[in-house]
>>> print(open('input05.json').read())   # JSON, C-alpha atoms
[["chain", "number", "residue", "atom", "x", "y", "z"],
["A", 1, "MET", "CA", 54.64, 13.19, -56.91],
["A", 2, "PRO", "CA", 53.71, 16.83, -57.68],
["A", 3, "SER", "CA", 54.20, 19.62, -55.19],
["A", 4, "SER", "CA", 53.11, 23.24, -55.03],
["A", 5, "SER", "CA", 56.15, 24.23, -57.09],
["A", 6, "THR", "CA", 55.65, 24.58, -60.85],
["A", 7, "ARG", "CA", 57.27, 22.08, -63.21],
["A", 8, "HIS", "CA", 57.59, 23.32, -66.78],
["A", 9, "LEU", "CA", 56.98, 20.19, -68.84],
["A", 10, "PRO", "CA", 55.35, 19.80, -72.26],
["A", 11, "VAL", "CA", 51.60, 19.25, -72.44],
["A", 12, "PRO", "CA", 50.40, 16.09, -74.22],
["A", 13, "SER", "CA", 48.48, 16.46, -77.48],
["A", 14, "ILE", "CA", 44.86, 15.36, -77.12],
["A", 15, "ILE", "CA", 43.58, 13.05, -79.87],
["A", 16, "SER", "CA", 40.05, 12.48, -78.59],
["A", 17, "ALA", "CA", 37.89, 12.55, -75.46],
["A", 18, "GLU", "CA", 34.58, 10.76, -75.04],
["A", 19, "ASP", "CA", 32.27, 9.91, -72.18],
["A", 20, "ILE", "CA", 32.03, 6.18, -71.58],
["A", 21, "GLN", "CA", 29.76, 3.87, -69.64],
["A", 22, "ASP", "CA", 31.18, 2.14, -66.58],
["A", 23, "LYS", "CA", 31.16, -1.23, -68.36],
["A", 24, "LYS", "CA", 33.52, 0.22, -70.97],
["A", 25, "ILE", "CA", 36.23, 0.90, -68.39],
["A", 26, "GLU", "CA", 38.95, -1.74, -68.59],
["A", 27, "THR", "CA", 41.23, -3.15, -65.92],
["A", 28, "ARG", "CA", 44.27, -1.98, -67.90],
["A", 29, "ASP", "CA", 43.05, 1.65, -67.93],
["A", 30, "THR", "CA", 44.78, 4.35, -65.90],
["A", 31, "ILE", "CA", 41.83, 5.72, -63.90],
["A", 32, "ILE", "CA", 41.94, 9.01, -61.99],
["A", 33, "ALA", "CA", 39.00, 10.19, -59.88],
["A", 34, "PHE", "CA", 38.26, 13.81, -58.95],
["A", 35, "LEU", "CA", 36.52, 14.52, -55.63],
["A", 36, "GLY", "CA", 35.88, 17.62, -53.56],
["A", 37, "PRO", "CA", 33.30, 20.24, -52.57],
["A", 38, "THR", "CA", 30.84, 21.69, -55.07],
["A", 39, "GLY", "CA", 32.35, 24.60, -56.97],
["A", 40, "SER", "CA", 35.95, 23.70, -56.15],
["A", 41, "GLY", "CA", 36.96, 23.15, -59.78],
["A", 42, "LYS", "CA", 36.77, 19.36, -60.28],
["A", 43, "SER", "CA", 34.83, 19.54, -63.53],
["A", 44, "HIS", "CA", 36.88, 22.46, -64.85],
["A", 45, "LEU", "CA", 40.05, 20.48, -64.20],
["A", 46, "VAL", "CA", 38.63, 17.49, -66.11],
["A", 47, "ASP", "CA", 37.57, 19.84, -68.95],
["A", 48, "THR", "CA", 41.11, 21.19, -69.14],
["A", 49, "LEU", "CA", 42.75, 17.76, -69.14],
["A", 50, "SER", "CA", 40.38, 16.42, -71.80],
["A", 51, "GLY", "CA", 40.69, 19.47, -74.04],
["A", 52, "GLN", "CA", 36.95, 20.17, -73.76],
["A", 53, "PRO", "CA", 36.48, 23.74, -72.43],
["A", 54, "ASN", "CA", 33.20, 24.31, -70.55],
["A", 55, "GLN", "CA", 31.96, 20.79, -71.31],
["A", 56, "ARG", "CA", 31.23, 19.92, -67.68],
["A", 57, "ALA", "CA", 31.97, 22.95, -65.54],
["A", 58, "GLY", "CA", 29.52, 25.74, -64.80],
["A", 59, "GLU", "CA", 30.27, 29.32, -63.85],
["A", 60, "GLN", "CA", 28.29, 29.13, -60.61],
["A", 61, "LEU", "CA", 29.08, 27.36, -57.34],
["A", 62, "GLU", "CA", 26.04, 25.12, -57.77],
["A", 63, "SER", "CA", 26.92, 21.62, -58.86],
["A", 64, "LYS", "CA", 26.59, 20.89, -62.57],
["A", 65, "THR", "CA", 27.78, 17.29, -62.18],
["A", 66, "GLN", "CA", 24.81, 15.21, -61.10],
["A", 67, "ASN", "CA", 26.27, 11.71, -61.48],
["A", 68, "VAL", "CA", 29.64, 10.02, -61.65],
["A", 69, "ARG", "CA", 30.93, 10.64, -65.17],
["A", 70, "ALA", "CA", 33.84, 8.81, -66.80],
["A", 71, "THR", "CA", 35.72, 10.22, -69.81],
["A", 72, "ARG", "CA", 38.34, 8.32, -71.80],
["A", 73, "VAL", "CA", 41.06, 10.61, -73.15],
["A", 74, "ARG", "CA", 43.42, 9.49, -75.93],
["A", 75, "TYR", "CA", 46.59, 11.53, -76.29],
["A", 76, "ILE", "CA", 50.14, 11.59, -77.61],
["A", 77, "ASP", "CA", 52.63, 11.72, -74.74],
["A", 78, "GLU", "CA", 54.99, 14.65, -74.20],
["A", 79, "ASP", "CA", 57.86, 13.37, -76.31],
["A", 80, "GLY", "CA", 55.54, 12.36, -79.15],
["A", 81, "SER", "CA", 56.71, 8.76, -79.03],
["A", 82, "SER", "CA", 53.49, 6.92, -78.17],
["A", 83, "GLU", "CA", 49.73, 7.09, -77.86],
["A", 84, "ARG", "CA", 48.19, 6.62, -74.41],
["A", 85, "THR", "CA", 44.77, 6.65, -72.79],
["A", 86, "ILE", "CA", 43.51, 7.68, -69.37],
["A", 87, "VAL", "CA", 40.04, 7.64, -67.84],
["A", 88, "LEU", "CA", 39.06, 10.76, -65.88],
["A", 89, "VAL", "CA", 36.21, 10.30, -63.40],
["A", 90, "ASP", "CA", 34.26, 13.43, -62.44],
["A", 91, "THR", "CA", 32.04, 13.16, -59.36],
["A", 92, "PRO", "CA", 29.24, 15.24, -57.81],
["A", 93, "GLY", "CA", 30.52, 17.68, -55.21],
["A", 94, "PHE", "CA", 30.01, 17.56, -51.47],
["A", 95, "ASP", "CA", 28.25, 20.48, -49.76],
["A", 96, "ASP", "CA", 25.77, 20.64, -52.64],
["A", 97, "THR", "CA", 22.84, 23.04, -52.71],
["A", 98, "HIS", "CA", 20.20, 20.45, -53.56],
["A", 99, "ARG", "CA", 21.55, 17.13, -52.27],
["A", 100, "SER", "CA", 22.88, 16.14, -48.87],
["A", 101, "ASP", "CA", 26.43, 14.90, -48.32],
["A", 102, "MET", "CA", 24.90, 11.54, -47.41],
["A", 103, "GLU", "CA", 23.33, 11.26, -50.89],
["A", 104, "ILE", "CA", 26.60, 12.27, -52.55],
["A", 105, "LEU", "CA", 28.62, 9.77, -50.49],
["A", 106, "LYS", "CA", 26.20, 6.97, -51.37],
["A", 107, "LEU", "CA", 26.40, 7.85, -55.07],
["A", 108, "ILE", "CA", 30.20, 7.86, -55.14],
["A", 109, "ALA", "CA", 30.46, 4.79, -52.90],
["A", 110, "GLU", "CA", 28.14, 2.75, -55.12],
["A", 111, "TRP", "CA", 30.22, 3.64, -58.18],
["A", 112, "LEU", "CA", 33.40, 2.66, -56.37],
["A", 113, "LYS", "CA", 31.80, -0.60, -55.22],
["A", 114, "LYS", "CA", 30.62, -1.50, -58.72],
["A", 115, "THR", "CA", 33.97, -0.83, -60.36],
["A", 116, "TYR", "CA", 35.93, -2.61, -57.62],
["A", 117, "LYS", "CA", 33.77, -5.70, -58.11],
["A", 118, "ALA", "CA", 34.77, -5.55, -61.78],
["A", 119, "LYS", "CA", 38.47, -5.58, -60.72],
["A", 120, "ILE", "CA", 38.84, -1.92, -61.72],
["A", 121, "LYS", "CA", 40.97, 0.14, -59.35],
["A", 122, "LEU", "CA", 42.02, 3.77, -59.19],
["A", 123, "SER", "CA", 45.50, 4.88, -60.19],
["A", 124, "GLY", "CA", 45.03, 8.20, -58.42],
["A", 125, "ILE", "CA", 42.59, 10.54, -56.68],
["A", 126, "VAL", "CA", 42.58, 14.34, -56.95],
["A", 127, "TYR", "CA", 40.85, 16.27, -54.17],
["A", 128, "THR", "CA", 40.15, 19.88, -55.16],
["A", 129, "HIS", "CA", 40.00, 22.84, -52.79],
["A", 130, "ARG", "CA", 39.40, 26.53, -53.57],
["A", 131, "ILE", "CA", 42.43, 28.52, -52.41],
["A", 132, "THR", "CA", 40.08, 31.52, -52.21],
["A", 133, "ASP", "CA", 38.18, 29.98, -49.27],
["A", 134, "ASN", "CA", 39.00, 32.01, -46.19],
["A", 135, "ARG", "CA", 38.37, 29.33, -43.59],
["A", 136, "MET", "CA", 38.82, 25.58, -43.35],
["A", 137, "SER", "CA", 35.97, 24.94, -40.95],
["A", 138, "GLY", "CA", 32.40, 23.70, -41.04],
["A", 139, "SER", "CA", 31.50, 21.65, -44.11],
["A", 140, "PRO", "CA", 34.96, 21.68, -45.80],
["A", 141, "HIS", "CA", 36.61, 20.29, -42.67],
["A", 142, "ARG", "CA", 33.95, 17.63, -42.13],
["A", 143, "ASN", "CA", 34.09, 16.56, -45.77],
["A", 144, "LEU", "CA", 37.88, 16.30, -45.57],
["A", 145, "ARG", "CA", 37.57, 13.92, -42.61],
["A", 146, "MET", "CA", 35.08, 11.83, -44.56],
["A", 147, "PHE", "CA", 37.36, 11.82, -47.61],
["A", 148, "LYS", "CA", 40.30, 10.60, -45.51],
["A", 149, "GLU", "CA", 38.25, 7.65, -44.27],
["A", 150, "LEU", "CA", 36.97, 6.94, -47.78],
["A", 151, "CYS", "CA", 40.55, 6.59, -49.05],
["A", 152, "GLY", "CA", 42.15, 4.82, -46.09],
["A", 153, "ASP", "CA", 45.83, 4.80, -45.19],
["A", 154, "ASP", "CA", 47.00, 2.58, -48.06],
["A", 155, "ALA", "CA", 45.44, 4.68, -50.83],
["A", 156, "ALA", "CA", 46.55, 7.99, -49.30],
["A", 157, "LYS", "CA", 49.80, 7.87, -51.27],
["A", 158, "ARG", "CA", 47.75, 8.07, -54.47],
["A", 159, "VAL", "CA", 46.02, 11.31, -53.43],
["A", 160, "VAL", "CA", 46.91, 14.77, -54.72],
["A", 161, "PHE", "CA", 45.35, 17.77, -52.99],
["A", 162, "SER", "CA", 44.85, 20.34, -55.73],
["A", 163, "THR", "CA", 44.24, 23.95, -54.82],
["A", 164, "THR", "CA", 42.28, 25.87, -57.46],
["A", 165, "MET", "CA", 41.28, 29.45, -58.36],
["A", 166, "TRP", "CA", 44.87, 30.75, -58.33],
["A", 167, "ASP", "CA", 44.20, 32.64, -61.55],
["A", 168, "ARG", "CA", 41.49, 34.72, -59.84],
["A", 169, "LEU", "CA", 43.81, 36.23, -57.24],
["A", 170, "THR", "CA", 45.16, 39.76, -57.11],
["A", 171, "GLU", "CA", 48.81, 40.29, -56.19],
["A", 172, "THR", "CA", 47.85, 41.00, -52.59],
["A", 173, "GLY", "CA", 45.42, 38.11, -52.53],
["A", 174, "ARG", "CA", 48.14, 35.76, -53.76],
["A", 175, "VAL", "CA", 50.30, 36.50, -50.72],
["A", 176, "THR", "CA", 47.39, 35.61, -48.45],
["A", 177, "ALA", "CA", 46.65, 32.49, -50.50],
["A", 178, "GLU", "CA", 50.22, 31.24, -50.17],
["A", 179, "GLU", "CA", 49.95, 31.55, -46.39],
["A", 180, "ARG", "CA", 46.63, 29.71, -46.56],
["A", 181, "GLU", "CA", 48.27, 26.97, -48.63],
["A", 182, "LYS", "CA", 50.95, 26.52, -45.96],
["A", 183, "GLU", "CA", 48.25, 26.17, -43.30],
["A", 184, "LEU", "CA", 46.45, 23.52, -45.35],
["A", 185, "ARG", "CA", 49.67, 21.54, -45.83],
["A", 186, "ASN", "CA", 50.90, 21.87, -42.25],
["A", 187, "ALA", "CA", 47.59, 21.33, -40.46],
["A", 188, "PHE", "CA", 44.50, 20.05, -42.26],
["A", 189, "TRP", "CA", 46.19, 17.88, -44.91],
["A", 190, "LYS", "CA", 49.16, 16.88, -42.76],
["A", 191, "PRO", "CA", 47.79, 13.48, -41.63],
["A", 192, "MET", "CA", 47.40, 12.35, -45.25],
["A", 193, "ILE", "CA", 50.65, 13.97, -46.39],
["A", 194, "ARG", "CA", 52.43, 11.89, -43.76],
["A", 195, "LEU", "CA", 50.91, 8.84, -45.46],
["A", 196, "GLY", "CA", 52.20, 9.90, -48.87],
["A", 197, "SER", "CA", 49.65, 12.38, -50.25],
["A", 198, "THR", "CA", 50.99, 15.39, -52.14],
["A", 199, "CYS", "CA", 49.87, 18.89, -53.10],
["A", 200, "ALA", "CA", 49.71, 20.81, -56.37],
["A", 201, "ARG", "CA", 48.23, 24.00, -57.79],
["A", 202, "PHE", "CA", 45.80, 24.27, -60.68],
["A", 203, "SER", "CA", 46.33, 27.64, -62.37],
["A", 204, "ASN", "CA", 43.57, 27.25, -64.98],
["A", 205, "ASN", "CA", 45.87, 26.07, -67.75],
["A", 206, "PRO", "CA", 46.75, 22.69, -69.31],
["A", 207, "GLU", "CA", 50.34, 22.73, -68.02],
["A", 208, "SER", "CA", 49.34, 22.92, -64.34],
["A", 209, "ALA", "CA", 46.51, 20.41, -64.91],
["A", 210, "TRP", "CA", 48.86, 17.78, -66.33],
["A", 211, "ASN", "CA", 51.42, 18.45, -63.59],
["A", 212, "ILE", "CA", 48.78, 17.36, -61.08],
["A", 213, "ILE", "CA", 48.20, 13.92, -62.60],
["A", 214, "ARG", "CA", 51.46, 13.23, -64.47],
["A", 215, "ASP", "CA", 52.97, 10.99, -61.77],
["A", 216, "MET", "CA", 49.80, 8.88, -61.70],
["A", 217, "ILE", "CA", 50.53, 7.75, -65.28],
["A", 218, "PRO", "CA", 51.18, 4.91, -65.66],
["A", 219, "LYS", "CA", 50.48, 3.37, -62.28],
["A", 220, "ASP", "CA", 48.72, 0.18, -61.27],
["A", 221, "GLY", "CA", 45.38, 0.71, -59.57],
["A", 222, "GLN", "CA", 44.67, 0.23, -55.88],
["A", 223, "GLY", "CA", 41.45, -0.20, -53.94],
["A", 224, "THR", "CA", 40.31, 2.46, -51.50],
["A", 225, "LEU", "CA", 39.24, 1.61, -47.96],
["A", 226, "ILE", "CA", 35.54, 2.11, -48.69],
["A", 227, "GLN", "CA", 35.77, -0.31, -51.64],
["A", 228, "LYS", "CA", 37.37, -2.97, -49.47],
["A", 229, "GLU", "CA", 34.80, -2.43, -46.73],
["A", 230, "MET", "CA", 31.78, -2.62, -49.05],
["A", 231, "VAL", "CA", 32.97, -5.47, -51.28],
["A", 232, "ASP", "CA", 35.39, -7.57, -49.22],
["A", 233, "LYS", "CA", 33.62, -7.12, -45.87],
["A", 234, "HIS", "CA", 30.07, -6.73, -47.28],
["A", 235, "MET", "CA", 29.36, -3.50, -45.39],
["A", 236, "ASN", "CA", 26.81, -0.92, -46.46],
["A", 237, "VAL", "CA", 27.80, 2.74, -46.72],
["A", 238, "LYS", "CA", 26.78, 3.73, -43.20],
["A", 239, "GLU", "CA", 28.88, 0.93, -41.70],
["A", 240, "THR", "CA", 32.06, 2.17, -43.40],
["A", 241, "LYS", "CA", 34.54, 4.52, -41.75],
["A", 242, "ALA", "CA", 33.53, 7.23, -44.24],
["A", 243, "GLY", "CA", 29.87, 6.77, -43.29],
["A", 244, "ILE", "CA", 30.72, 6.94, -39.60],
["A", 245, "ALA", "CA", 32.80, 10.09, -40.16],
["A", 246, "LEU", "CA", 29.85, 11.65, -41.99],
["A", 247, "LEU", "CA", 27.50, 10.72, -39.12],
["A", 248, "GLN", "CA", 29.83, 12.28, -36.56],
["A", 249, "GLY", "CA", 30.06, 15.41, -38.67],
["A", 250, "LEU", "CA", 26.28, 15.67, -38.99],
["A", 251, "GLU", "CA", 25.86, 15.27, -35.25],
["A", 252, "GLU", "CA", 28.21, 18.21, -34.76],
["A", 253, "VAL", "CA", 26.23, 20.20, -37.34],
["A", 254, "LEU", "CA", 22.98, 19.42, -35.54],
["A", 255, "GLN", "CA", 24.35, 20.79, -32.27],
["A", 256, "GLU", "CA", 25.42, 23.98, -34.03],
["A", 257, "GLN", "CA", 22.04, 24.34, -35.72],
["A", 258, "GLN", "CA", 20.15, 23.81, -32.45],
["A", 259, "ALA", "CA", 22.27, 26.50, -30.78],
["A", 260, "ILE", "CA", 21.52, 28.94, -33.63],
["A", 261, "LEU", "CA", 17.81, 28.13, -33.39],
["A", 262, "GLY", "CA", 17.88, 28.84, -29.66],
["A", 263, "GLN", "CA", 19.46, 32.23, -30.28],
["A", 264, "LEU", "CA", 16.94, 33.08, -33.00],
["A", 265, "GLU", "CA", 13.99, 32.09, -30.80],
["A", 266, "THR", "CA", 15.34, 34.18, -27.91],
["A", 267, "THR", "CA", 15.78, 37.20, -30.17],
["A", 268, "SER", "CA", 12.31, 36.67, -31.63],
["A", 269, "ARG", "CA", 10.71, 36.68, -28.17],
["A", 270, "ARG", "CA", 12.56, 39.83, -27.14],
["A", 271, "HIS", "CA", 11.93, 41.66, -30.39],
["A", 272, "PRO", "CA", 8.64, 40.29, -31.76],
["A", 273, "SER", "CA", 8.26, 43.14, -34.24],
["A", 274, "GLN", "CA", 11.68, 42.71, -35.85],
["A", 275, "SER", "CA", 11.26, 41.93, -39.53],
["A", 276, "GLY", "CA", 12.28, 38.52, -40.88],
["A", 277, "LEU", "CA", 12.95, 36.76, -37.58],
["A", 278, "ASP", "CA", 9.97, 34.41, -37.77],
["A", 279, "GLU", "CA", 11.01, 33.35, -41.26],
["A", 280, "GLN", "CA", 14.58, 32.67, -40.08],
["A", 281, "VAL", "CA", 13.26, 30.55, -37.20],
["A", 282, "GLN", "CA", 11.11, 28.48, -39.56],
["A", 283, "GLN", "CA", 13.99, 28.02, -42.00],
["A", 284, "MET", "CA", 16.30, 26.83, -39.23],
["A", 285, "ARG", "CA", 13.68, 24.42, -37.93],
["A", 286, "GLN", "CA", 13.37, 22.94, -41.43],
["A", 287, "THR", "CA", 17.15, 22.69, -41.70],
["A", 288, "ILE", "CA", 17.29, 20.86, -38.35],
["A", 289, "GLU", "CA", 14.57, 18.51, -39.51],
["A", 290, "ASN", "CA", 16.56, 17.67, -42.66],
["A", 291, "THR", "CA", 19.77, 17.11, -40.71],
["A", 292, "THR", "CA", 17.96, 14.90, -38.19],
["A", 293, "ALA", "CA", 16.53, 12.80, -41.03],
["A", 294, "ASP", "CA", 20.02, 12.28, -42.48],
["A", 295, "ILE", "CA", 21.36, 11.27, -39.07],
["A", 296, "LYS", "CA", 18.58, 8.73, -38.60],
["A", 297, "GLN", "CA", 19.42, 7.15, -41.95],
["A", 298, "LEU", "CA", 23.10, 6.88, -41.05],
["A", 299, "ARG", "CA", 22.67, 5.47, -37.55],
["A", 300, "LEU", "CA", 23.08, 1.71, -37.30],
["A", 301, "PRO", "CA", 20.62, -0.47, -35.41],
["A", 302, "LEU", "CA", 22.14, -2.31, -32.44],
["A", 303, "SER", "CA", 22.19, -5.65, -34.26],
["A", 304, "ARG", "CA", 24.29, -4.23, -37.11],
["A", 305, "ARG", "CA", 26.64, -2.49, -34.68],
["A", 306, "ILE", "CA", 27.34, -5.84, -33.03],
["A", 307, "VAL", "CA", 27.96, -7.48, -36.42],
["A", 308, "ARG", "CA", 30.31, -4.65, -37.39],
["A", 309, "ILE", "CA", 32.39, -5.22, -34.24],
["A", 310, "PHE", "CA", 33.05, -8.78, -35.37],
["A", 311, "LEU", "CA", 33.71, -7.74, -38.99],
["A", 312, "CYS", "CA", 36.29, -5.19, -37.93],
["A", 313, "GLY", "CA", 37.78, -7.28, -35.18]]
>>> encode(input="input05.json", output="structure tokens")
Amino acid sequence: MPSSSTRHLPVPSIISAEDIQDKKIETRDTIIAFLGPTGSGKSHLVDTLSGQPNQRAGEQLESKTQNVRATRVRYIDEDGSSERTIVLVDTPGFDDTHRSDMEILKLIAEWLKKTYKAKIKLSGIVYTHRITDNRMSGSPHRNLRMFKELCGDDAAKRVVFSTTMWDRLTETGRVTAEEREKELRNAFWKPMIRLGSTCARFSNNPESAWNIIRDMIPKDGQGTLIQKEMVDKHMNVKETKAGIALLQGLEEVLQEQQAILGQLETTSRRHPSQSGLDEQVQQMRQTIENTTADIKQLRLPLSRRIVRIFLCG
């Protein structure tokens, strides 16, 4: 599997790339899914692999991918000996400006459920992460925990963590980024690396893009944990380990938001004439209301919790 070191191998020649409906995906296809936070380079990576610059990716950090989007790519392999096809699956990003992580998880989970029912399994999963991000806390850390539970232990060996934005770094920034990469490998990604996940860099060129997925081709597909939970055990999203991880993350977020609101209200009382404080208080109250609504949707009623105990027993 790929690592952070660069392998200088030829790039396949693209013959064609076209978006396809889910029903057009075949069990014999090599299928690679791309997941990660909004603005982390998933769509740009798919654009690069499919030879379609700026087809999916936007310049801003706001998500341009609104739904799960499959693209079949036909290409001539590196030695020119044969024609092959792969299906690249772009997904909406977590930590989106306009949609909650719960909505994104449901969207991806339903696609995974539908394809798994059709006996279609993933050959590999690429999880993108901006190397320019200074901290691995808050939303990125919570989403990583959810992603781990979505994959499960068995599918972890099919995961490649791809750091992106290397081409945007200065020489000084690159030194810092390499230290950040070590921290990701040795701390945050370590549990999945122990299970067989690997790491690679996307340097905004076709060579590095193909290095990320090359060892996934050809490879038989395998179901993820959330697919097995939803199809084989008939769970809904909030009963799955990924749903539970998301709920736990949101409960942590709610505590943080309530603490911030308390600080804002205290400051507002002490400095009633300070400009903008009332607006910040109202915005935080609305944010707390939205988070609380998401938590309510993810919480299981007692009857379903009891059923889940037997299902997982």
>>> atom_distance(input="input05.json", atom1="CA of Gln257 (chain A)", atom2="CA of Thr292 (chain A)")
10.6 Å
>>> closest_residue(input="input05.json", among="A:Arg269, A:Lys233, A:Lys148, A:Arg142", to="Asp101 (chain A)", atoms="all atoms listed in the file")
A:Arg142
>>> atom_distance(input="input05.json", atom1="CA of Lys190 (chain A)", atom2="CA of Gln222 (chain A)")
21.7 Å
>>> closest_residue(input="input05.json", among="A:Gln66, A:Ser162, A:Thr71, A:Gln282", to="Gln52 (chain A)", atoms="only C-alpha atoms")
A:Thr71
>>> atom_distance(input="input05.json", atom1="CA of Leu150 (chain A)", atom2="CA of Ile226 (chain A)")
5.1 Å
>>> closest_residue(input="input05.json", among="A:Lys113, A:Lys23, A:Arg194, A:Arg99", to="Glu229 (chain A)", atoms="all atoms listed in the file")
A:Lys113
>>> closest_atom_pairs(input="input05.json", of="region 18-98 of chain A", to="region 211-217 of chain A", cutoff="12 Å", atoms="only C-alpha atoms", output="tab-separated table")
residue	atom	partner	partner_atom	distance
A:Arg28	CA	A:Ile217	CA	11.9
A:Asp29	CA	A:Ile217	CA	10.0
A:Thr30	CA	A:Ile217	CA	6.7
A:Ile31	CA	A:Met216	CA	8.9
A:Ile32	CA	A:Met216	CA	7.9
A:Ala33	CA	A:Ile213	CA	10.3
A:Phe34	CA	A:Ile213	CA	10.6
A:Leu45	CA	A:Ile212	CA	9.8
A:Val46	CA	A:Ile213	CA	10.8
A:Thr48	CA	A:Ile212	CA	11.8
A:Leu49	CA	A:Ile213	CA	9.3
A:Asp77	CA	A:Arg214	CA	10.4
A:Glu78	CA	A:Arg214	CA	10.4
A:Arg84	CA	A:Ile217	CA	9.5
A:Thr85	CA	A:Ile217	CA	9.5
A:Ile86	CA	A:Ile217	CA	8.1
A:Val87	CA	A:Ile217	CA	10.8
A:Leu88	CA	A:Ile213	CA	10.2
>>> residues_around(input="input05.json", residues="Thr91 (chain A)", least_positions_apart="6", cutoff="12 Å", atoms="all atoms listed in the file", output="PyMOL selection string")
chain A and resi 32-46+56-57+63-71+104-112+125-128
